[in-house]
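With compact mmCIF, C-alpha atoms inside, this is upload.txt:
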```
# COMPACT_ATOMS: atom_id res chain seq x y z
CA MET J 217 155.29 206.16 33.22
CA VAL J 218 152.49 208.34 31.85
CA TRP J 219 153.46 210.58 28.96
CA LEU J 220 151.40 213.76 28.44
CA VAL J 221 151.21 214.88 24.82
CA ALA J 222 150.65 218.54 24.05
CA MET J 223 147.38 219.10 22.16
CA THR J 224 146.05 221.91 20.02
CA SER J 225 144.24 224.88 21.56
CA LYS J 226 140.82 223.69 20.28
CA GLN J 227 141.14 220.53 22.32
CA GLY J 228 142.66 222.32 25.32
CA SER J 229 139.95 222.03 27.94
CA LEU J 230 138.95 218.45 27.13
CA CYS J 231 142.53 217.23 26.97
CA GLY J 232 143.38 219.08 30.16
CA LEU J 233 140.84 216.94 32.00
CA ALA J 234 142.14 213.78 30.36
CA ALA J 235 145.71 214.65 31.21
CA ARG J 236 144.84 215.23 34.85
CA GLY J 237 142.97 211.93 34.90
CA PHE J 238 145.93 210.02 33.48
CA TRP J 239 148.29 211.77 35.89
CA LEU J 240 146.17 210.78 38.87
CA LEU J 241 145.91 207.19 37.61
CA GLY J 242 149.67 207.01 37.26
CA LEU J 243 150.12 208.38 40.77
CA VAL J 244 147.76 205.79 42.24
CA LEU J 245 149.58 202.96 40.46
CA LEU J 246 152.93 204.20 41.72
CA MET J 247 151.61 204.43 45.26
CA ASP J 248 150.28 200.86 45.08
CA ALA J 249 153.53 199.52 43.67
CA SER J 250 155.50 201.08 46.50
CA ALA J 251 153.18 200.12 49.33
CA ARG J 252 155.98 198.05 50.78
CA PRO J 253 159.71 198.49 50.13
CA ALA J 254 160.95 195.61 47.96
CA ASN J 255 164.31 193.90 47.90
CA HIS J 256 165.29 194.96 44.40
CA SER J 257 167.74 197.81 44.87
CA SER J 258 170.66 197.86 42.46
CA THR J 259 174.13 199.35 42.53
CA ARG J 260 173.01 202.34 40.50
CA GLU J 261 170.01 203.00 42.77
CA ARG J 262 172.24 202.81 45.82
CA ALA J 263 174.73 205.18 44.19
CA ALA J 264 171.95 207.68 43.52
CA ASN J 265 170.76 207.41 47.13
CA LYS J 266 174.20 207.25 48.74
CA GLU J 267 174.35 207.60 52.48
CA GLU J 268 174.55 211.22 53.44
CA ASN J 269 176.69 210.20 56.36
CA GLU J 270 179.77 208.14 55.55
CA ILE J 271 180.60 207.54 59.23
CA LEU J 272 177.50 205.35 59.62
CA PRO J 273 177.94 201.61 59.03
CA PRO J 274 176.55 200.94 55.53
CA ASP J 275 173.60 198.61 55.02
CA HIS J 276 175.20 197.25 51.86
CA LEU J 277 178.57 195.49 51.88
CA ASN J 278 180.21 194.71 48.55
CA GLY J 279 180.93 191.01 48.05
CA VAL J 280 178.71 189.88 50.96
CA LYS J 281 175.67 187.73 50.21
CA LEU J 282 173.22 189.42 52.58
CA GLU J 283 172.55 193.07 53.35
CA MET J 284 172.69 194.19 56.97
CA ASP J 285 168.88 194.03 57.10
CA GLY J 286 168.82 190.39 55.95
CA HIS J 287 167.84 191.10 52.34
CA LEU J 288 169.63 189.24 49.57
CA ASN J 289 172.38 191.24 47.87
CA LYS J 290 170.98 191.41 44.34
CA ASP J 291 174.29 192.64 42.90
CA PHE J 292 176.45 189.99 44.52
CA HIS J 293 177.37 188.11 41.35
CA GLN J 294 178.30 191.31 39.55
CA GLU J 295 180.38 192.46 42.53
CA VAL J 296 182.45 189.27 42.71
CA PHE J 297 182.85 189.10 38.92
CA LEU J 298 183.73 192.76 38.26
CA GLY J 299 185.41 193.77 41.52
CA LYS J 300 186.41 197.43 41.51
CA ASP J 301 185.26 197.77 37.86
CA MET J 302 181.58 197.75 38.89
CA ASP J 303 180.96 201.13 37.24
CA GLY J 304 182.52 200.10 33.93
CA PHE J 305 179.33 198.59 32.55
CA ASP J 306 176.70 201.26 33.14
CA GLU J 307 173.71 201.57 30.83
CA ASP J 308 175.23 204.51 28.94
CA SER J 309 178.39 202.64 27.97
CA GLU J 310 179.01 202.07 24.27
CA PRO J 311 178.00 198.40 23.63
CA ARG J 312 180.99 197.48 21.49
CA ARG J 313 183.41 198.83 24.09
CA SER J 314 181.56 196.96 26.85
CA ARG J 315 181.69 193.70 24.87
CA ARG J 316 185.41 194.10 24.36
CA LYS J 317 185.88 194.84 28.06
CA LEU J 318 183.90 191.74 29.00
CA MET J 319 186.06 189.61 26.72
CA VAL J 320 189.21 191.07 28.33
CA ILE J 321 187.84 189.94 31.70
CA PHE J 322 187.07 186.51 30.21
CA SER J 323 190.68 186.11 29.05
CA LYS J 324 191.96 187.06 32.53
CA VAL J 325 189.75 184.47 34.22
CA ASP J 326 190.73 181.85 31.64
CA VAL J 327 194.18 181.19 33.13
CA ASN J 328 195.02 178.15 30.98
CA THR J 329 193.87 179.97 27.78
CA ASP J 330 191.67 177.13 26.55
CA ARG J 331 188.83 179.62 25.88
CA ARG J 332 186.72 178.02 28.60
CA ILE J 333 186.30 179.06 32.23
CA SER J 334 186.25 176.23 34.74
CA ALA J 335 184.79 176.35 38.25
CA LYS J 336 188.30 176.44 39.73
CA GLU J 337 189.28 179.37 37.52
CA MET J 338 186.09 181.22 38.46
CA GLN J 339 186.69 180.47 42.15
CA ARG J 340 190.18 182.00 41.98
CA TRP J 341 188.74 185.07 40.22
CA ILE J 342 185.96 185.50 42.81
CA MET J 343 188.48 185.44 45.65
CA GLU J 344 190.64 188.00 43.82
CA LYS J 345 187.72 190.37 43.17
CA THR J 346 186.48 190.02 46.76
CA ALA J 347 189.95 191.02 47.94
CA GLU J 348 189.63 194.16 45.77
CA HIS J 349 186.47 195.13 47.65
CA PHE J 350 188.30 194.55 50.93
CA GLN J 351 191.13 196.85 49.90
CA GLU J 352 188.67 199.53 48.78
CA ALA J 353 186.93 199.37 52.17
CA ILE J 354 190.31 199.77 53.93
CA ARG J 355 191.13 202.86 51.83
CA GLU J 356 187.73 204.42 52.52
CA ASN J 357 187.97 203.59 56.22
CA LYS J 358 191.20 205.57 56.53
CA LEU J 359 189.36 208.71 55.37
CA HIS J 360 186.33 208.07 57.58
CA PHE J 361 188.55 207.44 60.60
CA GLN J 362 190.32 210.76 60.10
CA ALA J 363 186.91 212.48 60.01
CA VAL J 364 185.97 211.16 63.47
CA ASP J 365 189.46 211.44 65.04
CA PRO J 366 189.83 215.25 65.20
CA ASP J 367 192.79 215.21 67.58
CA GLY J 368 194.64 212.66 65.45
CA ASP J 369 195.71 210.50 68.40
CA GLY J 370 194.94 207.27 66.55
CA HIS J 371 191.98 206.42 68.80
CA VAL J 372 188.32 207.39 68.63
CA SER J 373 186.23 207.43 71.78
CA TRP J 374 182.53 206.67 71.79
CA ASP J 375 181.86 210.30 72.80
CA GLU J 376 183.91 211.65 69.87
CA TYR J 377 181.96 209.45 67.47
CA LYS J 378 178.64 210.41 69.04
CA VAL J 379 179.40 214.11 68.53
CA LYS J 380 180.11 213.57 64.83
CA PHE J 381 177.06 211.37 64.41
CA LEU J 382 174.67 213.87 65.99
CA ALA J 383 176.26 216.72 64.03
CA SER J 384 175.46 214.77 60.85
CA LYS J 385 171.84 214.67 62.02
CA GLY J 386 171.64 218.46 62.18
CA HIS J 387 172.67 219.08 65.79
CA ASN J 388 175.19 221.81 66.58
CA GLU J 389 178.53 220.01 66.95
CA ARG J 390 179.91 222.44 69.54
CA ASP J 391 176.75 222.33 71.69
CA VAL J 392 176.70 218.52 71.61
CA ALA J 393 180.39 218.31 72.55
CA ILE J 394 179.86 220.65 75.53
CA ALA J 395 176.76 218.76 76.68
CA ILE J 396 178.58 215.42 76.56
CA LYS J 397 181.62 216.86 78.37
CA ASN J 398 179.38 218.22 81.14
CA HIS J 399 177.41 214.96 81.31
CA GLU J 400 174.22 216.78 80.37
CA GLU J 401 171.23 214.98 78.91
CA LEU J 402 171.05 215.22 75.12
CA LYS J 403 167.71 216.12 73.56
CA VAL J 404 167.26 213.73 70.64
CA ASP J 405 164.17 212.18 69.10
CA GLU J 406 163.19 208.58 69.80
CA GLU J 407 164.37 207.25 66.44
CA THR J 408 167.83 208.84 66.78
CA GLN J 409 168.12 207.51 70.33
CA GLU J 410 167.36 203.98 69.11
CA VAL J 411 170.00 204.28 66.37
CA LEU J 412 172.53 205.51 68.96
CA GLU J 413 171.85 202.53 71.21
CA ASN J 414 172.31 200.09 68.32
CA LEU J 415 175.52 201.82 67.28
CA LYS J 416 176.86 201.66 70.83
CA ASP J 417 176.22 197.89 70.95
CA ARG J 418 178.14 197.58 67.71
CA TRP J 419 180.90 199.83 69.07
CA TYR J 420 181.33 197.53 72.09
CA GLN J 421 181.58 194.50 69.78
CA ALA J 422 184.26 196.14 67.62
CA ASP J 423 186.31 197.13 70.68
CA ASN J 424 188.86 194.33 71.07
CA PRO J 425 189.82 193.26 74.62
CA PRO J 426 190.68 194.84 76.91
CA ALA J 427 187.58 196.94 76.25
CA ASP J 428 188.14 200.68 76.70
CA LEU J 429 185.50 202.11 74.31
CA LEU J 430 188.38 203.51 72.24
CA LEU J 431 188.58 202.23 68.66
CA THR J 432 191.79 202.08 66.66
CA GLU J 433 191.69 202.45 62.88
CA ASP J 434 191.50 198.65 62.47
CA GLU J 435 188.71 198.37 65.03
CA PHE J 436 186.84 201.20 63.35
CA LEU J 437 187.10 199.23 60.09
CA SER J 438 185.41 196.30 61.85
CA PHE J 439 182.75 198.68 63.18
CA LEU J 440 181.91 199.92 59.65
CA HIS J 441 182.64 196.66 57.82
CA PRO J 442 181.91 193.58 59.94
CA GLU J 443 182.97 191.30 57.07
CA HIS J 444 186.59 192.22 57.93
CA SER J 445 186.44 190.60 61.37
CA LYS J 446 185.36 187.11 62.43
CA GLY J 447 184.00 188.49 65.70
CA MET J 448 182.00 191.23 63.99
CA LEU J 449 180.74 188.82 61.33
CA LYS J 450 179.33 186.69 64.17
CA PHE J 451 177.69 189.81 65.61
CA MET J 452 176.18 190.67 62.21
CA VAL J 453 174.81 187.12 61.87
CA LYS J 454 173.26 187.31 65.35
CA GLU J 455 171.57 190.59 64.43
CA ILE J 456 170.11 189.14 61.22
CA VAL J 457 168.89 185.98 63.00
CA ARG J 458 167.36 188.11 65.76
CA ASP J 459 165.40 190.11 63.20
CA LEU J 460 164.15 187.07 61.23
CA ASP J 461 163.72 184.52 64.02
CA GLN J 462 160.02 184.38 64.90
CA ASP J 463 159.96 181.57 67.47
CA GLY J 464 163.04 182.59 69.47
CA ASP J 465 165.09 179.40 68.92
CA LYS J 466 168.07 181.39 67.55
CA GLN J 467 168.02 179.59 64.21
CA LEU J 468 166.04 180.01 61.02
CA SER J 469 163.46 177.80 59.39
CA LEU J 470 162.52 178.17 55.72
CA PRO J 471 159.19 179.94 56.52
CA GLU J 472 161.07 182.44 58.71
CA PHE J 473 163.69 183.13 56.05
CA ILE J 474 161.20 183.67 53.22
CA SER J 475 158.72 185.63 55.34
CA LEU J 476 157.64 188.78 53.51
CA PRO J 477 158.31 192.26 54.95
CA VAL J 478 155.47 193.98 56.77
CA GLY J 479 152.94 195.70 54.49
CA THR J 480 150.29 195.03 51.90
CA VAL J 481 150.46 194.86 48.12
CA GLU J 482 147.37 195.64 46.11
CA ASN J 483 148.34 195.24 42.44
CA GLN J 484 149.91 192.67 40.14
CA GLN J 485 153.28 194.40 40.01
CA GLY J 486 153.55 194.24 43.78
CA GLN J 487 152.40 190.60 43.79
CA ASP J 488 155.11 189.72 41.26
CA ILE J 489 157.71 191.34 43.52
CA ASP J 490 156.41 189.25 46.43
CA ASP J 491 156.55 186.05 44.37
CA ASN J 492 160.12 186.73 43.28
CA TRP J 493 161.13 187.55 46.86
CA VAL J 494 159.86 184.16 48.07
CA LYS J 495 161.32 182.24 45.10
CA ASP J 496 164.79 183.80 45.35
CA ARG J 497 165.08 183.36 49.11
CA LYS J 498 163.76 179.77 49.01
CA LYS J 499 166.37 178.86 46.39
CA GLU J 500 169.16 180.51 48.38
CA PHE J 501 168.07 178.82 51.63
CA GLU J 502 167.78 175.32 50.17
CA GLU J 503 170.75 175.31 47.78
CA LEU J 504 173.40 177.39 49.56
CA ILE J 505 172.71 178.38 53.17
CA ASP J 506 171.30 175.14 54.65
CA SER J 507 174.50 173.17 54.07
CA ASN J 508 173.33 169.91 55.71
CA HIS J 509 169.84 170.19 54.15
CA ASP J 510 167.96 169.56 57.40
CA GLY J 511 165.52 172.44 56.83
CA ILE J 512 167.10 174.59 59.56
CA VAL J 513 169.82 177.24 59.24
CA THR J 514 172.02 177.62 62.31
CA MET J 515 174.10 180.69 63.10
CA GLU J 516 177.21 178.74 62.11
CA GLU J 517 175.74 177.88 58.70
CA LEU J 518 174.69 181.49 58.12
CA GLU J 519 178.12 182.75 59.16
CA ASN J 520 179.86 180.36 56.75
CA TYR J 521 177.50 181.44 53.98
CA MET J 522 178.15 185.15 54.61
CA ASP J 523 181.93 184.94 55.02
CA PRO J 524 183.25 186.58 51.82
CA MET J 525 186.67 184.93 52.17
CA ASN J 526 185.32 181.38 52.53
CA GLU J 527 186.96 179.44 49.67
CA TYR J 528 184.39 176.64 49.76
CA ASN J 529 181.60 179.19 49.31
CA ALA J 530 183.53 180.82 46.47
CA LEU J 531 183.69 177.45 44.68
CA ASN J 532 179.94 176.93 45.13
CA GLU J 533 179.28 180.41 43.80
CA ALA J 534 181.58 179.74 40.84
CA LYS J 535 179.64 176.58 39.96
CA GLN J 536 176.32 178.42 40.32
CA MET J 537 177.46 181.32 38.14
CA ILE J 538 178.66 178.95 35.42
CA ALA J 539 175.43 176.94 35.59
CA ILE J 540 173.36 180.07 34.91
CA ALA J 541 174.95 180.52 31.47
CA ASP J 542 176.13 176.98 30.68
CA GLU J 543 173.82 176.29 27.72
CA ASN J 544 175.82 173.36 26.34
CA GLN J 545 176.02 171.76 29.81
CA ASN J 546 179.79 171.15 29.72
CA HIS J 547 180.32 172.71 33.17
CA HIS J 548 182.43 175.49 31.68
CA LEU J 549 181.72 179.05 30.63
CA GLU J 550 182.49 179.94 27.01
CA PRO J 551 182.70 183.33 25.23
CA GLU J 552 179.33 183.03 23.50
CA GLU J 553 177.67 182.14 26.80
CA ILE J 554 179.15 184.97 28.84
CA LEU J 555 178.14 187.50 26.18
CA LYS J 556 174.63 186.10 25.94
CA TYR J 557 174.21 186.26 29.72
CA SER J 558 176.09 189.54 30.12
CA GLU J 559 173.27 191.07 32.16
CA PHE J 560 173.80 188.48 34.91
CA PHE J 561 177.56 189.12 35.05
CA THR J 562 177.70 192.88 34.45
CA GLY J 563 174.21 194.33 34.94
CA SER J 564 174.15 195.43 31.26
CA LYS J 565 172.64 193.54 28.36
CA LEU J 566 175.07 193.49 25.43
CA MET J 567 173.22 192.76 22.18
CA ASP J 568 174.41 190.82 19.10
CA TYR J 569 176.59 188.60 21.29
CA ALA J 570 176.98 185.68 18.83
CA ARG J 571 177.82 187.84 15.85
CA ASN J 572 180.45 189.78 17.78
CA VAL J 573 182.15 187.13 19.89
CA HIS J 574 184.96 186.23 17.45
CA GLU J 575 185.52 189.88 16.55
CA GLU J 576 185.84 190.86 20.22
CA PHE J 577 188.28 188.01 20.87
```

Turn this file's structure into structure tokens for me.
Amino acid sequence: MVWLVAMTSKQGSLCGLAARGFWLLGLVLLMDASARPANHSSTRERAANKEENEILPPDHLNGVKLEMDGHLNKDFHQEVFLGKDMDGFDEDSEPRRSRRKLMVIFSKVDVNTDRRISAKEMQRWIMEKTAEHFQEAIRENKLHFQAVDPDGDGHVSWDEYKVKFLASKGHNERDVAIAIKNHEELKVDEETQEVLENLKDRWYQADNPPADLLLTEDEFLSFLHPEHSKGMLKFMVKEIVRDLDQDGDKQLSLPEFISLPVGTVENQQGQDIDDNWVKDRKKEFEELIDSNHDGIVTMEELENYMDPMNEYNALNEAKQMIAIADENQNHHLEPEEILKYSEFFTGSKLMDYARNVHEEF
């Protein structure tokens, strides 16, 4: 960020040139840094850029390890630790209140009250918080379903959904509805047509047998949130493998999984982002996704890894989360450790953790 400082009138012309020079330099640096979109979006960034259209399947699914585009979910650990309280630790929160809130969470996870969190206790907590995200998705889906089911008959046809989707893209809803009813060709741009085709494939997958292209409220939930359905989770995995698989063998090698997005990076900041991308994905591939450690990830392995209600995965995640903060290597999480590594668990760094831990307890 380039800060422009107001100068006196005698230095006006000279400083005006300098200011413009600094501004242009800052602009160039920003352009270089954003030459390729990076996988570093956070909850707060997503909230600021929330989908304008809630009837579209979201790219991000709370409590699921991968985004719909195959990127790692950078907020996963916070989501399964905080559950529906994700917004309770924003950067503007008063630190003392946030520390106390974190210690309240600690005491809830610590079921046997020995002031240590074991992997089993953390596993139980992760499953509980994941269930909270599921319930939130169900509540939101009820509202979204009502928005696309104007006649309230409990079923949504593909045509009804298509009308609402195109209306959200700026088309006149009445004109679109008439055109579809009369089987007239719709004039949409190439990008919108491609999105419609992908959505229709997904619609077919969510439509339980016998297929009638009519979705119930539960099927619409699967359409928006594939993590709620085994069949749709398989479909999501196939889509991710299709996008990352470079040799067409319908499985993923390490080079395919860590392959960088298309684009070029021309400065050190961008190079650091690239390096972190490769490091994070390599670690995830080798330690968690490739369960038999043969260097290849099958669709079954990826599906098991992405299933948010997989108890074995929850235990692995619990062990990994404890290991991040386990400074005394006793395989448990203690109050001092969770406060020191609060940024990992909550997204906010709470200072003076050691001095405050006994007070907060």

Spatial neighbours of Leu531 in chain J, max dist 8 Å, all atoms listed in the file, sep filter under 4 positions, as a PyMOL selection string: chain J and resi 335-336+338-339+527+535

Atom-to-atom span, CA of Ile505 in chain J and CA of Trp419 in chain J, Å: 27.9 Å

Contact residues around Lys498 in chain J with all atoms listed in the file at 12 Å, ignoring same-chain residues under 2 positions, as a PyMOL selection string: chain J and resi 288+469-476+491-496+500-506+511

Residues within 10 Å of His276 in chain J, all atoms listed in the file, excluding chain neighbours under 2 positions, as an NGL selection string: :J and (259 or 262 or 273-274 or 278-285 or 287 or 289 or 441)

Minimum-distance residue to Phe322 in chain J, chosen among J:Asp365, J:Glu400, J:Asp459, J:Glu337 (using all atoms listed in the file):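 The shortest atom-to-atom distance to Phe322 in chain J comes from J:Glu337.
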
Length of the CA of Asp463 in chain J to CA of Phe451 in chain J vector [Å]: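 Here the two named atoms are 19.6 Å from each other.
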
Å distance separating CA of His349 in chain J from CA of Pro524 in chain J, one decimal place: 10.0 Å

Contacts of Met448 in chain J at 8 Å (only C-alpha atoms; same-chain gap of 4+ positions) as a list in words: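 Skipping anything fewer than 4 positions along the chain leaves Gln421, Ala422, Ser438, Phe439, Pro442, Glu443, His444 and Met452 of chain J.
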
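Using only C-alpha atoms, the nearest neighbour of Asn546 in chain J within the list J:Gln484, J:Asn414, J:Ser373, J:Ser334 is J:Ser334.
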
Counting all atoms listed in the file, the option among J:Leu460, J:Ala347, J:Leu272, J:Ile540 closest to Arg418 in chain J: J:Leu272

Given all atoms listed in the file as the counted atoms, nearest of J:Asp303, J:Asp488, J:Asp523, J:Glu550 to Leu277 in chain J: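 The answer is J:Asp523, which sits nearest to Leu277 in chain J.
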
Point (166.3, 178.3, 64.2) neighbourhood (7 Å, all atoms listed in the file) written as a list in words: Asp461, Asp465, Lys466, Gln467, Leu468, Ser469, Ile512, Val513 and Thr514 of chain J

Non-local contacts of Lys345 in chain J (9 Å; only C-alpha atoms; under 3 positions in same chain excluded) as a ChimeraX atom specification: /J:279,295-300,340-342,348-350

Residues proximal to (179.5, 204.9, 80.0) were defined as those with any atom within 12 Å of that point in the file's coordinates, counting all atoms listed in the file. Which are they, as a compact mmCIF listing (two decimals) with C-alpha atoms, keeping the file's coordinate frame?
```txt
# COMPACT_ATOMS: atom_id res chain seq x y z
CA SER J 373 186.23 207.43 71.78
CA TRP J 374 182.53 206.67 71.79
CA ASP J 375 181.86 210.30 72.80
CA ILE J 396 178.58 215.42 76.56
CA HIS J 399 177.41 214.96 81.31
CA GLU J 413 171.85 202.53 71.21
CA LYS J 416 176.86 201.66 70.83
CA ASP J 417 176.22 197.89 70.95
CA TYR J 420 181.33 197.53 72.09
CA ALA J 427 187.58 196.94 76.25
CA ASP J 428 188.14 200.68 76.70
CA LEU J 429 185.50 202.11 74.31
CA LEU J 430 188.38 203.51 72.24
```
